[in-house]
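File shown: coords_10.cif (mmCIF, C-alpha atoms and all ligand atoms).
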data_input
loop_
_atom_site.label_atom_id
_atom_site.label_comp_id
_atom_site.auth_asym_id
_atom_site.auth_seq_id
_atom_site.Cartn_x
_atom_site.Cartn_y
_atom_site.Cartn_z
CA MET K 18 -19.71 52.55 -20.26
CA ALA K 19 -21.55 49.39 -21.24
CA VAL K 20 -19.77 49.38 -24.59
CA ARG K 21 -16.39 49.81 -22.93
CA SER K 22 -16.92 46.92 -20.46
CA ALA K 23 -18.26 44.74 -23.26
CA ARG K 24 -15.11 45.52 -25.20
CA ARG K 25 -12.97 44.73 -22.16
CA ARG K 26 -14.78 41.42 -21.71
CA LEU K 27 -14.20 40.65 -25.37
CA GLY K 28 -10.52 41.49 -24.98
CA LEU K 29 -10.19 39.29 -21.90
CA GLY K 30 -12.03 36.49 -23.67
CA ALA K 31 -9.69 36.72 -26.62
CA LEU K 32 -6.67 36.68 -24.31
CA LEU K 33 -8.00 33.66 -22.47
CA ALA K 34 -8.69 31.87 -25.75
CA LEU K 35 -5.17 32.67 -26.91
CA ALA K 36 -3.67 31.40 -23.64
CA LEU K 37 -5.68 28.18 -23.91
CA PHE K 38 -4.64 27.76 -27.52
CA LEU K 39 -0.97 28.26 -26.65
CA ALA K 40 -1.22 25.83 -23.74
CA ALA K 41 -2.89 23.19 -25.94
CA PHE K 42 -0.31 23.81 -28.65
CA GLY K 43 2.48 23.46 -26.08
CA VAL K 44 1.08 20.18 -24.77
CA HIS K 45 0.71 18.92 -28.34
CA ARG K 46 4.31 19.84 -29.20
CA LEU K 47 5.56 18.34 -25.94
CA SER K 48 3.64 15.11 -26.52
CA LYS K 49 5.32 14.71 -29.91
CA ALA K 50 8.86 15.64 -28.82
CA ARG K 51 11.14 13.03 -30.30
CA CYS K 52 13.93 13.06 -27.77
CA PHE K 53 12.15 14.04 -24.58
CA ALA K 54 9.44 12.71 -22.29
CA LEU K 55 8.17 14.49 -19.19
CA THR K 56 8.20 11.52 -16.83
CA GLY K 57 10.76 9.14 -18.28
CA GLU K 58 13.14 8.54 -21.14
CA ALA K 59 12.55 8.86 -24.88
CA ILE K 60 15.44 7.62 -26.99
CA CYS K 61 15.59 9.13 -30.47
CA ARG K 62 19.17 8.16 -31.37
CA VAL K 63 22.36 6.79 -29.86
CA GLU K 64 25.53 8.82 -29.56
CA THR K 65 28.20 6.90 -31.41
CA ARG K 66 30.79 7.45 -34.08
CA ALA K 67 30.51 3.85 -35.25
CA PRO K 68 28.77 3.49 -38.64
CA LEU K 69 25.64 1.92 -37.18
CA VAL K 70 21.99 2.74 -37.76
CA ALA K 71 18.75 1.04 -36.70
CA LEU K 72 15.88 0.64 -39.15
CA THR K 73 12.50 0.46 -37.43
CA PHE K 74 9.27 -0.62 -39.09
CA ASP K 75 6.02 0.48 -37.46
CA ASP K 76 2.47 -0.87 -37.42
CA GLY K 77 0.90 -4.06 -38.66
CA PRO K 78 2.46 -6.47 -39.15
CA THR K 79 0.94 -7.42 -42.50
CA ALA K 80 2.00 -10.02 -45.06
CA LEU K 81 2.11 -7.20 -47.62
CA GLY K 82 4.70 -5.29 -45.59
CA LEU K 83 6.79 -8.31 -44.63
CA ASP K 84 6.88 -9.56 -48.25
CA THR K 85 8.73 -6.35 -49.15
CA VAL K 86 10.82 -5.73 -46.06
CA LEU K 87 12.14 -9.18 -45.13
CA PRO K 88 13.79 -10.09 -48.47
CA LEU K 89 15.40 -6.64 -48.67
CA LEU K 90 16.84 -6.88 -45.16
CA HIS K 91 18.14 -10.33 -46.04
CA ARG K 92 19.82 -9.05 -49.21
CA TYR K 93 21.73 -6.40 -47.25
CA GLN K 94 22.42 -8.64 -44.25
CA ALA K 95 20.54 -6.06 -42.24
CA ARG K 96 18.73 -6.52 -38.94
CA GLY K 97 15.59 -4.49 -38.33
CA THR K 98 13.25 -3.75 -35.45
CA PHE K 99 9.52 -4.23 -35.97
CA PHE K 100 7.15 -2.34 -33.67
CA MET K 101 3.99 -4.43 -33.86
CA ILE K 102 0.39 -3.73 -32.89
CA GLY K 103 -0.96 -6.47 -30.62
CA LYS K 104 -4.35 -6.85 -32.30
CA LEU K 105 -2.74 -7.34 -35.74
CA ALA K 106 0.18 -9.55 -34.74
CA THR K 107 -0.85 -13.07 -35.74
CA PRO K 108 1.48 -15.85 -34.59
CA GLN K 109 2.37 -16.61 -38.24
CA LEU K 110 3.48 -13.05 -38.99
CA VAL K 111 5.42 -12.74 -35.74
CA ALA K 112 7.12 -16.08 -36.43
CA ARG K 113 8.28 -14.92 -39.89
CA VAL K 114 10.06 -11.93 -38.37
CA VAL K 115 11.54 -13.97 -35.52
CA ALA K 116 12.80 -16.61 -37.97
CA ASP K 117 14.78 -13.98 -39.89
CA GLY K 118 16.54 -12.83 -36.72
CA HIS K 119 14.97 -9.40 -36.34
CA GLU K 120 13.90 -7.65 -33.17
CA ILE K 121 10.25 -7.17 -32.23
CA GLY K 122 9.04 -4.26 -30.16
CA ASN K 123 5.73 -3.42 -28.53
CA HIS K 124 3.59 -0.76 -30.28
CA SER K 125 0.47 -1.10 -28.05
CA PHE K 126 -2.53 -3.37 -28.57
CA HIS K 127 -5.09 -1.01 -30.13
CA HIS K 128 -2.85 1.77 -31.49
CA LYS K 129 -4.94 4.49 -29.89
CA GLN K 130 -3.58 7.74 -28.51
CA MET K 131 -1.96 6.97 -25.17
CA MET K 132 -2.48 10.23 -23.31
CA PHE K 133 -4.85 11.22 -20.48
CA ARG K 134 -5.75 7.60 -19.73
CA SER K 135 -5.53 5.46 -16.61
CA ALA K 136 -2.44 3.57 -15.50
CA ALA K 137 -4.48 0.36 -15.86
CA TYR K 138 -5.18 1.20 -19.52
CA TYR K 139 -1.49 1.68 -20.32
CA ASP K 140 -0.50 -1.47 -18.43
CA ALA K 141 -3.11 -3.59 -20.24
CA GLU K 142 -2.15 -2.23 -23.68
CA ILE K 143 1.47 -3.16 -23.05
CA ALA K 144 0.92 -6.51 -21.32
CA ASP K 145 -1.71 -7.78 -23.81
CA THR K 146 0.67 -7.01 -26.68
CA ASP K 147 3.61 -8.71 -24.97
CA ARG K 148 1.47 -11.82 -24.57
CA VAL K 149 0.52 -11.90 -28.26
CA LEU K 150 4.09 -11.33 -29.45
CA GLN K 151 5.47 -14.00 -27.16
CA GLY K 152 2.71 -16.32 -28.43
CA GLY K 153 4.26 -15.95 -31.89
CA GLY K 154 7.67 -16.93 -30.54
CA ALA K 155 9.17 -13.49 -29.90
CA PRO K 156 11.27 -12.93 -26.78
CA LEU K 157 9.64 -10.64 -24.20
CA PRO K 158 9.91 -7.22 -25.90
CA VAL K 159 12.24 -4.77 -24.21
CA LEU K 160 11.32 -1.85 -26.45
CA PHE K 161 8.14 0.21 -26.75
CA ARG K 162 7.16 2.78 -29.34
CA PRO K 163 4.16 5.00 -28.59
CA PRO K 164 1.37 5.14 -31.18
CA PHE K 165 1.75 8.36 -33.23
CA GLY K 166 4.93 9.01 -31.23
CA LYS K 167 2.74 10.67 -28.58
CA LYS K 168 3.26 10.49 -24.84
CA LEU K 169 2.83 12.77 -21.85
CA PHE K 170 2.79 11.74 -18.19
CA GLY K 171 1.36 8.26 -17.63
CA LEU K 172 2.75 6.37 -20.60
CA PRO K 173 6.47 6.88 -19.89
CA LEU K 174 5.84 5.65 -16.33
CA ALA K 175 3.98 2.58 -17.60
CA VAL K 176 6.76 1.81 -20.07
CA ALA K 177 9.29 1.97 -17.24
CA ARG K 178 7.01 -0.24 -15.07
CA SER K 179 7.07 -2.86 -17.82
CA HIS K 180 10.90 -2.71 -17.87
CA LYS K 181 10.98 -1.43 -21.43
CA ARG K 182 12.69 1.50 -23.06
CA MET K 183 10.74 4.09 -25.02
CA ILE K 184 12.13 4.31 -28.55
CA MET K 185 11.46 7.30 -30.77
CA TRP K 186 13.41 8.19 -33.95
CA ASP K 187 15.57 10.91 -35.49
CA ALA K 188 15.05 10.15 -39.19
CA GLY K 189 12.34 8.97 -41.54
CA ASP K 190 9.02 10.54 -40.70
CA PRO K 191 6.73 11.88 -42.10
CA PRO K 192 6.80 10.29 -45.56
CA ASP K 193 7.09 12.27 -48.78
CA ARG K 194 5.04 12.10 -51.98
CA ASP K 195 7.27 9.92 -54.15
CA PRO K 196 9.85 7.25 -53.32
CA GLN K 197 12.87 9.22 -54.56
CA ALA K 198 11.98 12.32 -52.57
CA TYR K 199 11.24 10.25 -49.48
CA ALA K 200 14.51 8.31 -49.75
CA ARG K 201 16.44 11.57 -50.19
CA LYS K 202 14.76 13.06 -47.14
CA VAL K 203 15.48 10.05 -44.94
CA LEU K 204 19.09 9.80 -46.11
CA ALA K 205 19.69 13.50 -45.48
CA GLU K 206 18.73 12.98 -41.82
CA VAL K 207 20.76 9.83 -41.19
CA ARG K 208 24.00 9.93 -39.22
CA PRO K 209 25.86 7.37 -37.08
CA GLY K 210 23.56 6.18 -34.29
CA SER K 211 20.34 7.17 -36.09
CA ILE K 212 17.05 5.41 -35.45
CA ILE K 213 15.09 5.46 -38.72
CA LEU K 214 11.29 5.17 -38.77
CA ILE K 215 9.56 3.67 -41.81
CA HIS K 216 5.88 2.72 -42.24
CA PRO K 217 5.81 -0.12 -44.80
CA MET K 218 2.87 -2.24 -43.74
CA TYR K 219 -0.40 -0.97 -45.21
CA ALA K 220 -1.77 -0.64 -48.74
CA GLY K 221 -1.42 3.14 -48.46
CA ASN K 222 2.32 2.84 -47.74
CA ALA K 223 3.38 2.05 -51.33
CA THR K 224 5.72 5.08 -51.39
CA GLU K 225 7.60 3.86 -48.33
CA ARG K 226 7.88 0.32 -49.71
CA ALA K 227 9.21 1.62 -53.03
CA ALA K 228 11.72 3.87 -51.25
CA LEU K 229 13.12 1.10 -49.08
CA PRO K 230 15.48 -0.42 -51.74
CA LEU K 231 16.87 3.07 -52.44
CA ILE K 232 17.42 3.74 -48.74
CA LEU K 233 19.09 0.39 -48.05
CA ALA K 234 21.36 0.65 -51.10
CA GLU K 235 22.57 4.10 -50.13
CA LEU K 236 23.07 3.20 -46.44
CA ALA K 237 25.19 0.22 -47.55
CA ARG K 238 27.13 2.42 -49.99
CA ARG K 239 27.90 4.83 -47.14
CA GLY K 240 29.29 1.92 -45.13
CA TYR K 241 26.53 1.73 -42.51
CA ARG K 242 25.76 -1.51 -40.75
CA MET K 243 22.03 -1.88 -40.11
CA VAL K 244 21.43 -3.34 -36.66
CA THR K 245 18.50 -3.77 -34.28
CA VAL K 246 17.70 -1.02 -31.81
CA SER K 247 18.90 -3.23 -28.94
CA GLN K 248 22.20 -3.81 -30.75
CA LEU K 249 22.53 -0.06 -31.30
CA LEU K 250 21.84 0.62 -27.61
CA ALA K 251 24.35 -2.07 -26.59
CA SER K 252 27.04 -0.55 -28.82
CA HIS K 253 26.66 2.69 -26.90
CA THR K 254 26.90 0.93 -23.52
CA GLU K 255 30.06 -0.94 -24.55
CA LYS K 256 31.69 2.31 -25.64
CA ASP K 257 30.77 3.96 -22.34
CA GLU K 258 32.10 1.12 -20.25
CA THR K 259 35.41 0.83 -22.04
CA GLY K 260 35.82 4.54 -22.49
CA GLY K 261 36.97 3.68 -26.02
CA ASP K 262 36.35 5.78 -29.05
CA SER K 263 35.95 3.20 -31.78
ZN ZN X 1 2.10 3.35 -35.32
#

Could you render the structure as structure tokens?
Amino acid sequence: MAVRSARRRLGLGALLALALFLAAFGVHRLSKARCFALTGEAICRVETRAPLVALTFDDGPTALGLDTVLPLLHRYQARGTFFMIGKLATPQLVARVVADGHEIGNHSFHHKQMMFRSAAYYDAEIADTDRVLQGGGAPLPVLFRPPFGKKLFGLPLAVARSHKRMIMWDAGDPPDRDPQAYARKVLAEVRPGSIILIHPMYAGNATERAALPLILAELARRGYRMVTVSQLLASHTEKDETGGDS
């Protein structure tokens, strides 16, 4: 009898553990969903048939990253969107990106996980970063990208409170081992309206930096125009309003 009830307890415990694991796994998957947020919007691409894509560059900024990315964008007459971390965004680095005509988005101040925190925490992360970016000459950012692409309940609400749009991606992450493989992977995912995520800023991102010329060359060869995320979003709005197809 004692053995049987011990066994039953063990069985119930295992079931409970499994249920908890599945719930945690579900929350994890949900938090990382690219095109969905529980309490607001998460834009991972724009529906369009026009040959437009948006390149987005996350983290930093660093001089190392900008030294690679800015000349390449210039060579292909491309506009990019840089999601910057407030605590790393010096006025000089922000000004370099602004001077080249690119868009700057908010990527939080401390780049910590933004889940299960207070509304005040989210608001401060967003507002402090806005202040730093504007201090470098950027217009008030209208785009936000969550650190690690993770969001649950409070963050989407805070992003909406700050009158920003939450931008995810549909191509480009995670990176691959070598530049050729990574470029191939990114290019296989790209289609009209894609938002491409690339991490080029840190010393450990050499693969991404080396892949960037391959990616840009092939996008240009395929006839894509590389625009900012706001331009991509606006192209969708124009199409909707006119009802046109082009
Ligand atoms: Zn990041």

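Using all atoms listed in the file, the shortest contact distance between ligand ZN 1 (chain X) and any of K:Gln130, K:Gln151, K:Ser252, K:Gln197 is found at K:Gln130.
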
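Of the residues listed (K:Ala200, K:Val244, K:Leu39, K:Val70), K:Val244 shows the shortest atom-to-atom separation from Gln94 of chain K; distances use all atoms listed in the file.
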
Q: Within 12 Å of Leu249 of chain K, counting only C-alpha atoms, which residues show up once you throw out same-chain ones fewer than 5 positions away? Write them as a PyMOL selection string, please.
A: chain K and resi 60-73+96-98+120+184+209-213+242-244+254-256

Residues from the last selection, C-alpha atoms, saved as a PDB file, in the frame of the given file:
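Below is the file out06.pdb, written as the result:
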ATOM      1  CA  ILE K  60      15.440   7.620 -26.990  1.00  0.00           C
ATOM      2  CA  CYS K  61      15.590   9.130 -30.470  1.00  0.00           C
ATOM      3  CA  ARG K  62      19.170   8.160 -31.370  1.00  0.00           C
ATOM      4  CA  VAL K  63      22.360   6.790 -29.860  1.00  0.00           C
ATOM      5  CA  GLU K  64      25.530   8.820 -29.560  1.00  0.00           C
ATOM      6  CA  THR K  65      28.200   6.900 -31.410  1.00  0.00           C
ATOM      7  CA  ARG K  66      30.790   7.450 -34.080  1.00  0.00           C
ATOM      8  CA  ALA K  67      30.510   3.850 -35.250  1.00  0.00           C
ATOM      9  CA  PRO K  68      28.770   3.490 -38.640  1.00  0.00           C
ATOM     10  CA  LEU K  69      25.640   1.920 -37.180  1.00  0.00           C
ATOM     11  CA  VAL K  70      21.990   2.740 -37.760  1.00  0.00           C
ATOM     12  CA  ALA K  71      18.750   1.040 -36.700  1.00  0.00           C
ATOM     13  CA  LEU K  72      15.880   0.640 -39.150  1.00  0.00           C
ATOM     14  CA  THR K  73      12.500   0.460 -37.430  1.00  0.00           C
ATOM     15  CA  ARG K  96      18.730  -6.520 -38.940  1.00  0.00           C
ATOM     16  CA  GLY K  97      15.590  -4.490 -38.330  1.00  0.00           C
ATOM     17  CA  THR K  98      13.250  -3.750 -35.450  1.00  0.00           C
ATOM     18  CA  GLU K 120      13.900  -7.650 -33.170  1.00  0.00           C
ATOM     19  CA  ILE K 184      12.130   4.310 -28.550  1.00  0.00           C
ATOM     20  CA  PRO K 209      25.860   7.370 -37.080  1.00  0.00           C
ATOM     21  CA  GLY K 210      23.560   6.180 -34.290  1.00  0.00           C
ATOM     22  CA  SER K 211      20.340   7.170 -36.090  1.00  0.00           C
ATOM     23  CA  ILE K 212      17.050   5.410 -35.450  1.00  0.00           C
ATOM     24  CA  ILE K 213      15.090   5.460 -38.720  1.00  0.00           C
ATOM     25  CA  ARG K 242      25.760  -1.510 -40.750  1.00  0.00           C
ATOM     26  CA  MET K 243      22.030  -1.880 -40.110  1.00  0.00           C
ATOM     27  CA  VAL K 244      21.430  -3.340 -36.660  1.00  0.00           C
ATOM     28  CA  THR K 254      26.900   0.930 -23.520  1.00  0.00           C
ATOM     29  CA  GLU K 255      30.060  -0.940 -24.550  1.00  0.00           C
ATOM     30  CA  LYS K 256      31.690   2.310 -25.640  1.00  0.00           C
TER      31      LYS K 256
END

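We find atom CA of His253 of chain K and atom CA of Leu89 of chain K to be spaced 26.2 Å apart.
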
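Minimum atom-to-atom distance to ligand ZN 1 (chain X), evaluated using only C-alpha atoms and all ligand atoms, belongs to K:Gly103 out of K:Pro196, K:Gly30, K:Gly154, K:Gly103.
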
Counting only C-alpha atoms, select every polymer residue within 12 Å of (-5.3, -2.6, -24.4) as defined in the file's coordinates, and provide the selection as a compact mmCIF listing (two decimals) with C-alpha atoms, in the coordinates of the input.
# COMPACT_ATOMS: atom_id res chain seq x y z
CA ILE K 102 0.39 -3.73 -32.89
CA GLY K 103 -0.96 -6.47 -30.62
CA LYS K 104 -4.35 -6.85 -32.30
CA ASN K 123 5.73 -3.42 -28.53
CA HIS K 124 3.59 -0.76 -30.28
CA SER K 125 0.47 -1.10 -28.05
CA PHE K 126 -2.53 -3.37 -28.57
CA HIS K 127 -5.09 -1.01 -30.13
CA HIS K 128 -2.85 1.77 -31.49
CA LYS K 129 -4.94 4.49 -29.89
CA GLN K 130 -3.58 7.74 -28.51
CA MET K 131 -1.96 6.97 -25.17
CA ARG K 134 -5.75 7.60 -19.73
CA SER K 135 -5.53 5.46 -16.61
CA ALA K 136 -2.44 3.57 -15.50
CA ALA K 137 -4.48 0.36 -15.86
CA TYR K 138 -5.18 1.20 -19.52
CA TYR K 139 -1.49 1.68 -20.32
CA ASP K 140 -0.50 -1.47 -18.43
CA ALA K 141 -3.11 -3.59 -20.24
CA GLU K 142 -2.15 -2.23 -23.68
CA ILE K 143 1.47 -3.16 -23.05
CA ALA K 144 0.92 -6.51 -21.32
CA ASP K 145 -1.71 -7.78 -23.81
CA THR K 146 0.67 -7.01 -26.68
CA ASP K 147 3.61 -8.71 -24.97
CA ARG K 148 1.47 -11.82 -24.57
CA VAL K 149 0.52 -11.90 -28.26

Q. Distance atom CA of Lys168 of chain K-atom CA of Ala50 of chain K, one decimal place?
A. 8.6 Å

(Q) Distance limit 8 Å, reference ligand ZN 1 (chain X), atoms considered: only C-alpha atoms and all ligand atoms. Which residues make the cut? Give them as a PyMOL selection string. (A) chain K and resi 75-76+100+102+124+128+162-166+216

If you keep C-alpha atoms, can you produce a file of those selected residues as a compact mmCIF listing (two decimals), keeping the file's coordinate frame?
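Below you can see selection_26.txt, which holds the result:
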# COMPACT_ATOMS: atom_id res chain seq x y z
CA ASP K 75 6.02 0.48 -37.46
CA ASP K 76 2.47 -0.87 -37.42
CA PHE K 100 7.15 -2.34 -33.67
CA ILE K 102 0.39 -3.73 -32.89
CA HIS K 124 3.59 -0.76 -30.28
CA HIS K 128 -2.85 1.77 -31.49
CA ARG K 162 7.16 2.78 -29.34
CA PRO K 163 4.16 5.00 -28.59
CA PRO K 164 1.37 5.14 -31.18
CA PHE K 165 1.75 8.36 -33.23
CA GLY K 166 4.93 9.01 -31.23
CA HIS K 216 5.88 2.72 -42.24
